[in-house]
file my_file07.txt (compact mmCIF, C-alpha atoms)
# COMPACT_ATOMS: atom_id res chain seq x y z
CA MET A 12 25.53 -6.53 69.49
CA THR A 13 22.16 -5.79 67.98
CA ARG A 14 23.39 -6.87 64.58
CA GLU A 15 24.62 -10.23 65.83
CA ILE A 16 21.37 -10.92 67.66
CA GLU A 17 19.37 -10.03 64.57
CA ARG A 18 21.65 -12.24 62.49
CA GLU A 19 20.24 -15.17 64.49
CA GLY A 20 16.77 -14.24 63.32
CA ILE A 21 15.64 -12.66 66.59
CA THR A 22 13.52 -9.59 65.94
CA ILE A 23 15.24 -6.81 67.83
CA VAL A 24 14.78 -3.10 68.26
CA GLN A 25 17.51 -0.84 69.61
CA MET A 26 16.68 2.17 71.75
CA ALA A 27 19.59 4.57 71.36
CA ASN A 28 20.58 8.18 71.77
CA LEU A 29 23.42 8.35 69.25
CA ILE A 30 21.28 7.58 66.23
CA PRO A 31 23.99 8.10 63.58
CA VAL A 32 26.29 5.68 65.44
CA ALA A 33 23.56 3.05 65.68
CA LYS A 34 22.84 3.45 61.96
CA THR A 35 26.51 3.06 61.09
CA VAL A 36 26.86 -0.21 62.95
CA GLY A 37 23.87 -1.68 61.15
CA VAL A 38 20.88 -1.41 63.46
CA ASN A 39 17.66 -1.95 61.49
CA ARG A 40 14.87 -1.09 63.95
CA LEU A 41 15.71 2.01 65.90
CA VAL A 42 13.82 4.06 68.51
CA PRO A 43 15.40 7.26 69.88
CA THR A 44 16.01 7.86 73.59
CA ILE A 45 16.37 11.21 75.30
CA SER A 46 19.99 11.19 76.49
CA ILE A 47 23.04 9.07 77.22
CA PRO A 48 22.99 8.91 81.06
CA TYR A 49 19.19 8.57 81.29
CA PRO A 50 17.82 7.20 78.02
CA LEU A 51 14.27 6.69 79.29
CA GLY A 52 13.42 9.24 82.00
CA ASP A 53 14.78 12.69 82.78
CA PRO A 54 15.59 12.83 86.52
CA ALA A 55 14.80 16.56 86.49
CA THR A 56 11.14 15.69 85.91
CA PRO A 57 8.69 14.04 88.34
CA LYS A 58 8.66 10.22 88.58
CA GLU A 59 5.25 9.98 86.92
CA GLU A 60 6.43 11.98 83.96
CA GLN A 61 9.52 9.82 83.62
CA PHE A 62 7.37 6.71 83.62
CA LYS A 63 5.01 8.23 81.07
CA LEU A 64 7.88 8.93 78.71
CA ARG A 65 9.39 5.50 79.27
CA TYR A 66 6.05 3.76 78.81
CA HIS A 67 5.48 5.65 75.58
CA ARG A 68 8.90 4.97 74.07
CA VAL A 69 8.95 1.30 75.11
CA GLY A 70 5.52 1.06 73.49
CA VAL A 71 6.94 2.46 70.27
CA ALA A 72 9.75 -0.10 70.49
CA LEU A 73 7.31 -2.98 70.99
CA ASP A 74 5.23 -1.78 68.06
CA ALA A 75 8.42 -1.55 66.00
CA LEU A 76 8.83 -5.30 66.46
CA THR A 77 5.53 -5.79 64.65
CA VAL A 78 6.30 -3.53 61.69
CA ASP A 79 7.54 -5.05 58.47
CA ILE A 80 10.42 -2.89 57.28
CA LYS A 81 12.43 -3.11 54.09
CA GLU A 82 15.35 -0.95 55.16
CA PRO A 83 16.75 0.45 58.43
CA TYR A 84 14.08 2.58 60.00
CA LEU A 85 14.00 5.17 62.75
CA PHE A 86 10.62 4.99 64.49
CA LYS A 87 8.97 8.24 65.57
CA VAL A 88 8.18 9.04 69.19
CA LYS A 89 5.67 11.58 70.49
CA ILE A 90 7.14 12.30 73.92
CA MET B 7 48.42 30.97 58.69
CA LYS B 8 45.96 30.28 61.48
CA GLY B 9 44.25 27.19 62.82
CA ILE B 10 41.72 26.27 65.51
CA LEU B 11 41.46 23.00 67.47
CA TYR B 12 38.35 21.28 68.87
CA LEU B 13 38.57 19.17 72.06
CA ASN B 14 36.11 17.42 74.37
CA GLN B 15 35.70 18.27 78.05
CA PHE B 16 38.29 15.72 79.10
CA PHE B 17 41.14 16.78 76.85
CA GLY B 18 40.00 20.39 77.21
CA GLN B 19 40.86 20.00 80.90
CA ILE B 20 37.36 20.84 82.09
CA GLY B 21 36.77 17.47 83.74
CA GLY B 22 35.71 13.87 83.30
CA GLU B 23 32.37 12.21 82.71
CA GLU B 24 30.54 14.27 85.29
CA LEU B 25 31.18 17.29 83.06
CA ALA B 26 30.30 15.66 79.76
CA ASP B 27 27.29 17.99 79.51
CA PHE B 28 29.64 20.96 79.32
CA LYS B 29 28.40 23.57 76.83
CA PRO B 30 30.81 24.69 74.12
CA GLU B 31 33.36 27.34 74.94
CA ILE B 32 36.14 28.99 72.98
CA ARG B 33 39.44 29.82 74.60
CA GLU B 34 42.14 32.03 73.22
CA GLY B 35 45.40 30.20 72.82
CA LEU B 36 46.39 26.63 73.51
CA VAL B 37 44.71 24.09 75.79
CA GLY B 38 45.94 20.50 76.36
CA PRO B 39 46.77 18.74 73.08
CA ALA B 40 46.87 22.14 71.33
CA LEU B 41 50.34 22.61 72.79
CA ALA B 42 51.69 19.54 71.04
CA LEU B 43 49.87 20.47 67.85
CA GLN B 44 51.41 23.93 67.89
CA GLN B 45 54.84 22.47 68.42
CA ASP B 46 54.45 20.18 65.41
CA LEU B 47 53.07 22.95 63.22
CA GLY B 48 56.01 25.22 64.05
CA ASP B 49 56.01 28.79 62.80
CA ASP B 50 53.92 28.16 59.71
CA VAL B 51 50.55 27.79 61.38
CA GLU B 52 49.46 29.43 64.59
CA ILE B 53 46.74 27.74 66.67
CA THR B 54 44.88 30.83 67.84
CA HIS B 55 41.97 29.25 69.71
CA THR B 56 40.81 26.03 71.32
CA VAL B 57 37.11 25.08 71.27
CA ILE B 58 35.92 22.78 74.07
CA CYS B 59 32.58 20.96 74.25
CA GLY B 60 31.29 18.12 76.41
CA ASP B 61 30.78 14.83 74.55
CA ASN B 62 27.29 14.30 75.89
CA PHE B 63 26.27 17.85 75.09
CA MET B 64 27.40 17.33 71.51
CA GLY B 65 25.83 13.87 71.38
CA SER B 66 22.43 14.85 72.73
CA ASN B 67 22.15 18.41 71.39
CA THR B 68 24.18 18.16 68.21
CA GLU B 69 22.42 20.93 66.31
CA GLU B 70 22.58 23.38 69.18
CA ALA B 71 26.22 22.57 69.90
CA VAL B 72 27.24 22.93 66.26
CA GLU B 73 25.39 26.22 65.92
CA LEU B 74 26.97 27.62 69.07
CA ILE B 75 30.44 26.66 67.93
CA LEU B 76 29.95 28.03 64.42
CA SER B 77 28.85 31.35 65.89
CA MET B 78 31.98 31.40 68.06
CA LEU B 79 34.16 30.76 65.03
CA LYS B 80 32.51 33.41 62.90
CA GLY B 81 34.90 36.27 62.15
CA LYS B 82 37.95 34.37 63.35
CA GLU B 83 40.84 34.04 60.94
CA MET B 84 41.13 30.36 60.11
CA ASP B 85 42.95 28.44 57.40
CA VAL B 86 42.58 24.96 58.87
CA PHE B 87 40.47 23.27 61.55
CA PHE B 88 41.50 20.31 63.70
CA ALA B 89 39.49 18.07 66.04
CA GLY B 90 40.75 15.46 68.48
CA PRO B 91 42.56 13.08 68.32
CA ALA B 92 39.64 11.00 69.55
CA PHE B 93 41.39 7.62 69.78
CA ARG B 94 38.79 4.93 70.48
CA ALA B 95 36.28 7.18 72.25
CA GLY B 96 33.08 6.76 70.27
CA ARG B 97 31.21 9.83 71.43
CA TYR B 98 34.28 11.99 71.02
CA GLY B 99 34.91 10.63 67.53
CA SER B 100 31.34 11.30 66.57
CA ALA B 101 31.60 14.85 67.98
CA CYS B 102 34.83 15.53 66.07
CA GLY B 103 33.19 14.37 62.86
CA HIS B 104 30.06 16.46 63.33
CA ILE B 105 31.93 19.66 64.07
CA CYS B 106 34.47 19.13 61.29
CA ASN B 107 31.68 18.61 58.78
CA ALA B 108 29.91 21.76 59.90
CA VAL B 109 33.10 23.86 59.85
CA LYS B 110 34.01 22.62 56.41
CA LYS B 111 30.58 23.48 55.09
CA GLU B 112 30.33 26.88 56.75
CA PHE B 113 33.87 28.20 56.29
CA GLY B 114 35.27 26.08 53.47
CA VAL B 115 38.56 25.35 55.24
CA PRO B 116 40.24 21.94 55.33
CA VAL B 117 39.27 19.89 58.40
CA LEU B 118 41.36 17.14 59.98
CA THR B 119 40.71 14.69 62.76
CA SER B 120 42.17 11.43 64.04
CA MET B 121 40.52 8.27 65.35
CA ASN B 122 41.28 4.63 65.97
CA ASP B 123 39.88 2.22 63.42
CA GLU B 124 37.55 0.78 66.08
CA ASN B 125 35.96 4.19 66.59
CA PRO B 126 32.49 4.20 64.99
CA GLY B 127 33.20 7.80 63.96
CA VAL B 128 35.55 6.48 61.29
CA GLU B 129 32.79 4.85 59.26
CA MET B 130 30.49 7.80 59.86
CA PHE B 131 32.85 10.49 58.62
CA ARG B 132 35.78 9.08 56.64
CA LYS B 133 34.12 9.94 53.37
CA ASP B 134 33.69 13.58 54.35
CA MET B 135 37.07 14.56 55.76
CA TYR B 136 40.63 13.56 56.56
CA VAL B 137 40.34 11.08 59.43
CA PHE B 138 43.85 10.03 60.42
CA LYS B 139 44.48 6.51 61.64
CA GLY B 140 45.01 7.03 65.35
CA GLY B 141 45.98 4.94 68.32
CA ALA B 142 43.64 3.17 70.74
CA SER B 143 44.25 5.51 73.67
CA ALA B 144 45.79 8.81 74.68
CA ALA B 145 49.14 7.04 74.87
CA ALA B 146 49.26 7.67 71.13
CA MET B 147 48.62 11.41 71.52
CA LYS B 148 52.02 12.58 70.39
CA LYS B 149 52.10 10.39 67.32
CA ASP B 150 48.50 11.10 66.32
CA VAL B 151 48.87 14.87 66.68
CA LYS B 152 52.06 14.79 64.66
CA ALA B 153 50.38 12.93 61.80
CA MET B 154 47.64 15.56 61.56
CA ALA B 155 50.11 18.44 61.78
CA LYS B 156 52.43 17.03 59.15
CA PHE B 157 49.64 16.56 56.67
CA ALA B 158 48.09 19.96 57.41
CA LEU B 159 51.38 21.63 56.56
CA LYS B 160 51.62 19.74 53.28
CA LEU B 161 48.06 20.61 52.46
CA LEU B 162 48.37 24.30 53.29
CA LYS B 163 51.65 24.66 51.42
CA GLY B 164 50.09 23.04 48.37
CA GLU B 165 52.60 20.19 48.28
CA LYS B 166 51.96 17.01 46.32
CA LEU B 167 49.63 14.72 48.28
CA LEU B 168 49.96 10.96 48.21
CA PRO B 169 47.13 8.38 48.36
CA ALA B 170 45.28 8.07 51.67
CA ALA B 171 47.09 4.90 52.77
CA GLU B 172 50.48 6.56 52.35
CA GLU B 173 49.48 9.80 54.04
CA GLY B 174 48.01 7.86 56.95
CA TYR B 175 44.33 8.71 56.83
CA PHE B 176 41.31 6.51 56.12
CA GLY B 177 40.50 6.42 52.44
CA ARG B 178 37.65 8.73 51.55
CA GLY B 179 36.59 6.67 48.56
CA ILE B 180 37.90 9.35 46.20
CA ARG B 181 39.60 8.21 43.02
CA ASP B 182 42.44 10.21 41.67
CA GLN B 183 44.24 9.69 38.40
CA ILE B 184 47.95 9.34 38.90
CA TRP B 185 50.91 8.62 36.65
CA LEU B 186 52.89 5.60 37.69
CA ASP B 187 56.60 5.97 37.85
CA PRO B 188 57.86 3.98 36.04
CA PRO B 189 54.76 3.67 33.85
CA VAL B 190 53.04 0.26 33.69
CA THR B 191 50.00 -0.04 31.45
CA ALA B 192 46.66 -1.22 32.77
CA ALA B 193 46.91 -4.39 30.65
CA ASP B 194 50.19 -5.30 32.32
CA ARG B 195 48.89 -4.49 35.76
CA VAL B 196 45.79 -6.59 35.42
CA ILE B 197 47.79 -9.58 34.18
CA ASP B 198 50.19 -9.17 37.09
CA MET B 199 47.28 -9.10 39.46
CA LEU B 200 45.65 -12.11 37.85
CA LEU B 201 48.86 -14.14 38.05
CA LYS B 202 49.26 -13.27 41.70
CA LYS B 203 45.69 -14.31 42.34
CA VAL B 204 46.16 -17.58 40.48
CA HIS B 205 49.28 -18.28 42.52
CA GLY B 206 47.52 -17.44 45.74
CA GLU B 207 49.80 -14.48 46.41
CA PRO B 208 48.62 -11.27 48.01
CA TYR B 209 47.69 -8.51 45.57
CA GLU B 210 46.16 -5.10 45.87
CA THR B 211 43.10 -4.11 43.92
CA GLU B 212 43.00 -0.71 42.27
CA LEU B 213 39.29 -0.47 42.81
CA ALA B 214 38.56 -1.21 46.42
CA ILE B 215 34.89 -1.75 47.20
CA PRO B 216 34.25 -0.85 50.82
CA LYS B 217 32.58 -3.74 52.58
CA SER B 218 29.67 -3.07 54.82
CA ASP B 219 28.38 -5.68 57.16
CA ARG B 220 24.62 -5.64 57.07
CA VAL B 221 22.37 -8.36 58.31
CA ALA B 222 19.00 -9.30 56.91
CA ILE B 223 16.18 -7.51 58.69
CA ALA B 224 14.49 -9.95 61.03
CA PRO B 225 10.82 -10.54 60.18
CA ALA B 226 8.09 -8.58 61.92
CA ILE B 227 6.14 -10.33 64.66
CA THR B 228 2.37 -9.97 64.53
CA PRO B 229 0.73 -8.18 67.45
CA GLU B 230 -1.10 -11.45 68.24
CA GLU B 231 2.17 -13.33 68.45
CA LEU B 232 3.73 -10.56 70.51
CA SER B 233 0.94 -10.82 73.05
CA LYS B 234 2.04 -14.39 73.68
CA LEU B 235 5.81 -13.96 73.45
CA GLU B 236 8.33 -13.15 76.09
CA VAL B 237 10.47 -10.17 75.12
CA ALA B 238 14.09 -10.02 76.29
CA LEU B 239 15.76 -6.89 77.66
CA ILE B 240 19.42 -6.30 76.81
CA THR B 241 21.57 -3.29 77.54
CA SER B 242 25.03 -1.89 76.91
CA GLY B 243 24.38 0.62 79.70
CA GLY B 244 26.08 -1.38 82.43
CA ILE B 245 23.09 -2.05 84.69
CA VAL B 246 23.97 -4.77 87.22
CA PRO B 247 22.88 -5.88 90.67
CA VAL B 248 24.69 -3.76 93.26
CA GLY B 249 28.11 -5.30 93.83
CA ASN B 250 28.57 -6.22 90.14
CA PRO B 251 28.70 -10.01 90.79
CA ASP B 252 30.19 -10.85 87.38
CA ARG B 253 32.78 -8.11 87.62
CA ILE B 254 31.91 -6.67 84.24
CA GLN B 255 34.48 -4.04 83.30
CA SER B 256 33.41 -0.40 83.46
CA ALA B 257 35.02 0.29 80.10
CA SER B 258 36.36 -1.83 77.24
CA ALA B 259 34.17 -4.65 78.48
CA THR B 260 34.80 -8.23 77.47
CA LYS B 261 32.16 -9.71 79.78
CA TRP B 262 28.41 -9.67 79.95
CA GLY B 263 26.06 -10.82 82.67
CA LYS B 264 22.51 -12.14 82.90
CA TYR B 265 20.35 -11.35 85.88
CA ASP B 266 17.13 -12.97 87.01
CA ILE B 267 14.21 -10.56 86.99
CA SER B 268 11.45 -13.14 86.92
CA GLN B 269 10.24 -12.17 90.41
CA ILE B 270 10.53 -8.39 90.19
CA ASP B 271 8.62 -5.58 88.52
CA ASP B 272 10.98 -2.70 89.02
CA LEU B 273 14.75 -2.15 89.26
CA VAL B 274 14.96 -0.27 92.53
CA LYS B 275 17.68 1.92 93.95
CA GLY B 276 20.10 0.09 96.22
CA GLU B 277 19.57 -3.21 94.40
CA TYR B 278 20.58 -2.22 90.87
CA MET B 279 23.10 0.29 89.59
CA THR B 280 25.25 1.07 86.57
CA ILE B 281 28.96 0.40 86.36
CA HIS B 282 29.31 2.16 83.00
CA ALA B 283 32.26 4.56 83.12
CA GLY B 284 31.11 6.53 80.10
CA PHE B 285 28.50 8.79 81.67
CA ASP B 286 27.36 10.29 84.95
CA PRO B 287 25.76 7.31 86.75
CA ALA B 288 23.58 9.37 89.14
CA ALA B 289 20.28 9.00 87.26
CA ALA B 290 20.72 5.28 86.56
CA ASN B 291 21.85 4.50 90.10
CA ASN B 292 18.80 6.25 91.40
CA ASP B 293 16.45 4.34 89.09
CA SER B 294 17.90 1.72 86.75
CA ASP B 295 14.59 1.54 84.85
CA VAL B 296 15.77 4.61 82.92
CA ILE B 297 18.15 2.24 81.15
CA VAL B 298 16.48 -1.17 81.52
CA PRO B 299 12.78 -0.27 81.36
CA LEU B 300 11.46 -3.22 83.33
CA ASP B 301 8.63 -1.28 84.99
CA ALA B 302 7.20 -0.18 81.64
CA MET B 303 7.54 -3.70 80.26
CA ARG B 304 5.62 -5.13 83.21
CA ARG B 305 2.83 -2.64 82.54
CA TYR B 306 2.63 -3.83 78.92
CA GLN B 307 2.63 -7.40 80.16
CA LYS B 308 -0.33 -6.64 82.44
CA GLU B 309 -2.13 -4.96 79.57
CA GLY B 310 -1.53 -8.00 77.38
CA LYS B 311 0.56 -6.32 74.71
CA ILE B 312 3.38 -8.77 75.40
CA GLY B 313 3.26 -12.28 76.78
CA GLY B 314 5.94 -11.51 79.33
CA VAL B 315 9.49 -10.42 79.95
CA TYR B 316 12.24 -13.00 79.51
CA LYS B 317 13.41 -14.17 82.92
CA TYR B 318 16.89 -12.71 82.58
CA PHE B 319 18.05 -9.34 81.41
CA PHE B 320 21.47 -9.15 79.77
CA SER B 321 23.97 -6.43 80.46
CA THR B 322 27.40 -5.24 79.43
CA VAL B 323 29.22 -1.93 79.06
CA GLY B 324 29.45 -0.28 75.66
CA THR B 325 32.17 2.30 76.17
CA GLY B 326 35.59 1.65 74.71
CA THR B 327 34.33 -1.80 73.79
CA THR B 328 35.67 -2.86 70.43
CA GLN B 329 33.24 -3.79 67.69
CA ALA B 330 34.81 -7.23 67.60
CA GLU B 331 34.14 -7.81 71.32
CA ALA B 332 30.63 -6.40 71.01
CA ALA B 333 29.94 -8.76 68.12
CA ARG B 334 31.17 -11.75 70.11
CA MET B 335 29.07 -10.84 73.13
CA GLY B 336 26.06 -10.28 70.87
CA LYS B 337 26.53 -13.75 69.41
CA GLU B 338 26.77 -15.33 72.85
CA ILE B 339 23.64 -13.55 74.07
CA ALA B 340 21.80 -14.55 70.89
CA ARG B 341 22.70 -18.17 71.57
CA GLU B 342 21.20 -17.96 75.07
CA LEU B 343 18.02 -16.41 73.73
CA LYS B 344 17.61 -18.98 71.00
CA LYS B 345 18.13 -21.81 73.43
CA ASP B 346 15.07 -20.59 75.33
CA GLY B 347 13.06 -19.92 72.20
CA ILE B 348 13.07 -16.13 72.55
CA ARG B 349 12.14 -14.37 69.31
CA ALA B 350 11.91 -10.71 70.32
CA ALA B 351 14.22 -8.32 72.13
CA ILE B 352 14.77 -4.70 73.04
CA LEU B 353 18.34 -3.48 73.40
CA THR B 354 18.92 -0.16 75.14
CA SER B 355 22.22 1.61 74.58
CA THR B 356 23.71 4.63 76.28

call {"tool": "encode", "arguments": {"input": "my_file07.txt", "output": "structure tokens"}}
result
Amino acid sequence: MTREIEREGITIVQMANLIPVAKTVGVNRLVPTISIPYPLGDPATPKEEQFKLRYHRVGVALDALTVDIKEPYLFKVKI
Amino acid sequence: MKGILYLNQFFGQIGGEELADFKPEIREGLVGPALALQQDLGDDVEITHTVICGDNFMGSNTEEAVELILSMLKGKEMDVFFAGPAFRAGRYGSACGHICNAVKKEFGVPVLTSMNDENPGVEMFRKDMYVFKGGASAAAMKKDVKAMAKFALKLLKGEKLLPAAEEGYFGRGIRDQIWLDPPVTAADRVIDMLLKKVHGEPYETELAIPKSDRVAIAPAITPEELSKLEVALITSGGIVPVGNPDRIQSASATKWGKYDISQIDDLVKGEYMTIHAGFDPAAANNDSDVIVPLDAMRRYQKEGKIGGVYKYFFSTVGTGTTQAEAARMGKEIARELKKDGIRAAILTST
């Protein structure tokens, strides 16, 4: 899906857990998530912590939209 | 000779999605598909153990899972290693590939698995191992297991192996010099091929170049532009308003939906949920923002990092969904976005 949306010239970043799969299907801007059932917030942690993690990773994704890349790139996250 | 088989939690008879976090275990003897595999292998190869691991555990903790399994296999007699068949299950296919690669590297035994050509695991691993061309679902179990067993026996007995297409596995991109029987020189073959091409007849190249579908990287947006643009949220994680008004399928989806979020800041429990059948929905049902991060996006909107969030979010289910269907849905969603002048998007997958 990401590939087809990018094909239309829309700048898109995919947040995914299965990084090798995303790379195989041709995702160019990629930000890792923490799991499959809860990509952006571990329910075993307090709500505030979940939001903090989500806020951080979404921030990385938004920044990724502004980065000029020459080849598929996996952006680094801190939390 | 001895062999060992790898299965996921479902085929290992541990349980369904709710147990996809199952940590690897090794069982003596035959579990599930191992029975059929043993039958096809006959007396020549004994399946001594079955390894079982949850797909999500392997997907999210690949290194740990692989290490655990390798330590379980250490010291076991093993002449061949099997994984799957994984059919069209993407996470399972990926797991089979990862563990086969690791086993091959650590123990130097042949590794065999089986997947459907729509399984992303095929492209990830076909170059590294024998990935047999499997069916779309477990209905093909018998046939897929047989194909692996038959080839394993040939391999272990040192029999003459045929090209990938004839043996039934995905080509690994390995070239092998063979003698044609009867012999036809290269000059004759190329002329034959040329004539067929000229006449518009089908012909088969001897040097297949694998095609890979890449798209041009979309240009970066400047931070200034971003602060004025609306960013769209898209997901393959199956988040929908409770009740699933568009009746998007929980697996092998062919439909997508768009849902108005212009008036809300948060996807709250009881109003939004996931219908994705490929993982335990508890966390996402409790707070759908863990998959469609609307709350975090609104914060960035308030802070001025983005101009806003596009008024609809788009959703479908990415499990069992063929790449062809996913591509079509992607195209349709792209069309909607373009129509409204949207230039930036975040897609979250599960």

call {"tool": "atom_distance", "arguments": {"input": "my_file07.txt", "atom1": "CA of Asp252 (chain B)", "atom2": "CA of Arg65 (chain A)"}}
result
27.7 Å

call {"tool": "interface_residues", "arguments": {"input": "my_file07.txt", "of": "chain B", "to": "chain A", "cutoff": "8 Å", "atoms": "only C-alpha atoms", "output": "MDAnalysis selection string"}}
result
chainID B and resid 62 65:66 100 126:127 129:130 219:229 232 285:287 289:290 295:297 299 302:303 306 332:337 339:340 344 348:356

call {"tool": "atom_distance", "arguments": {"input": "my_file07.txt", "atom1": "CA of Thr260 (chain B)", "atom2": "CA of Gln329 (chain B)"}}
result
10.9 Å

call {"tool": "closest_residue", "arguments": {"input": "my_file07.txt", "among": "B:Ala146, B:Tyr136, B:Glu124, B:Asp293", "to": "Glu173 (chain B)", "atoms": "all atoms listed in the file"}}
result
B:Tyr136

call {"tool": "residues_around", "arguments": {"input": "my_file07.txt", "residues": "Gln15 (chain B)", "least_positions_apart": "6", "cutoff": "7 Å", "atoms": "all atoms listed in the file", "output": "list in words"}}
result
Gly21, Gly22, Leu25, Ala26, Phe28, Ile58, Cys59, Gly60 and Asp61 of chain B

call {"tool": "axis_aligned_box", "arguments": {"input": "my_file07.txt", "around": "region 46-59 of chain A", "padding_each_side": "6 Å", "output": "JSON"}}
result
{"center_x": 14.1, "center_y": 11.6, "center_z": 82.5, "size_x": 29.8, "size_y": 21.9, "size_z": 24.1}

call {"tool": "atom_distance", "arguments": {"input": "my_file07.txt", "atom1": "CA of Phe176 (chain B)", "atom2": "CA of Val128 (chain B)"}}
result
7.7 Å
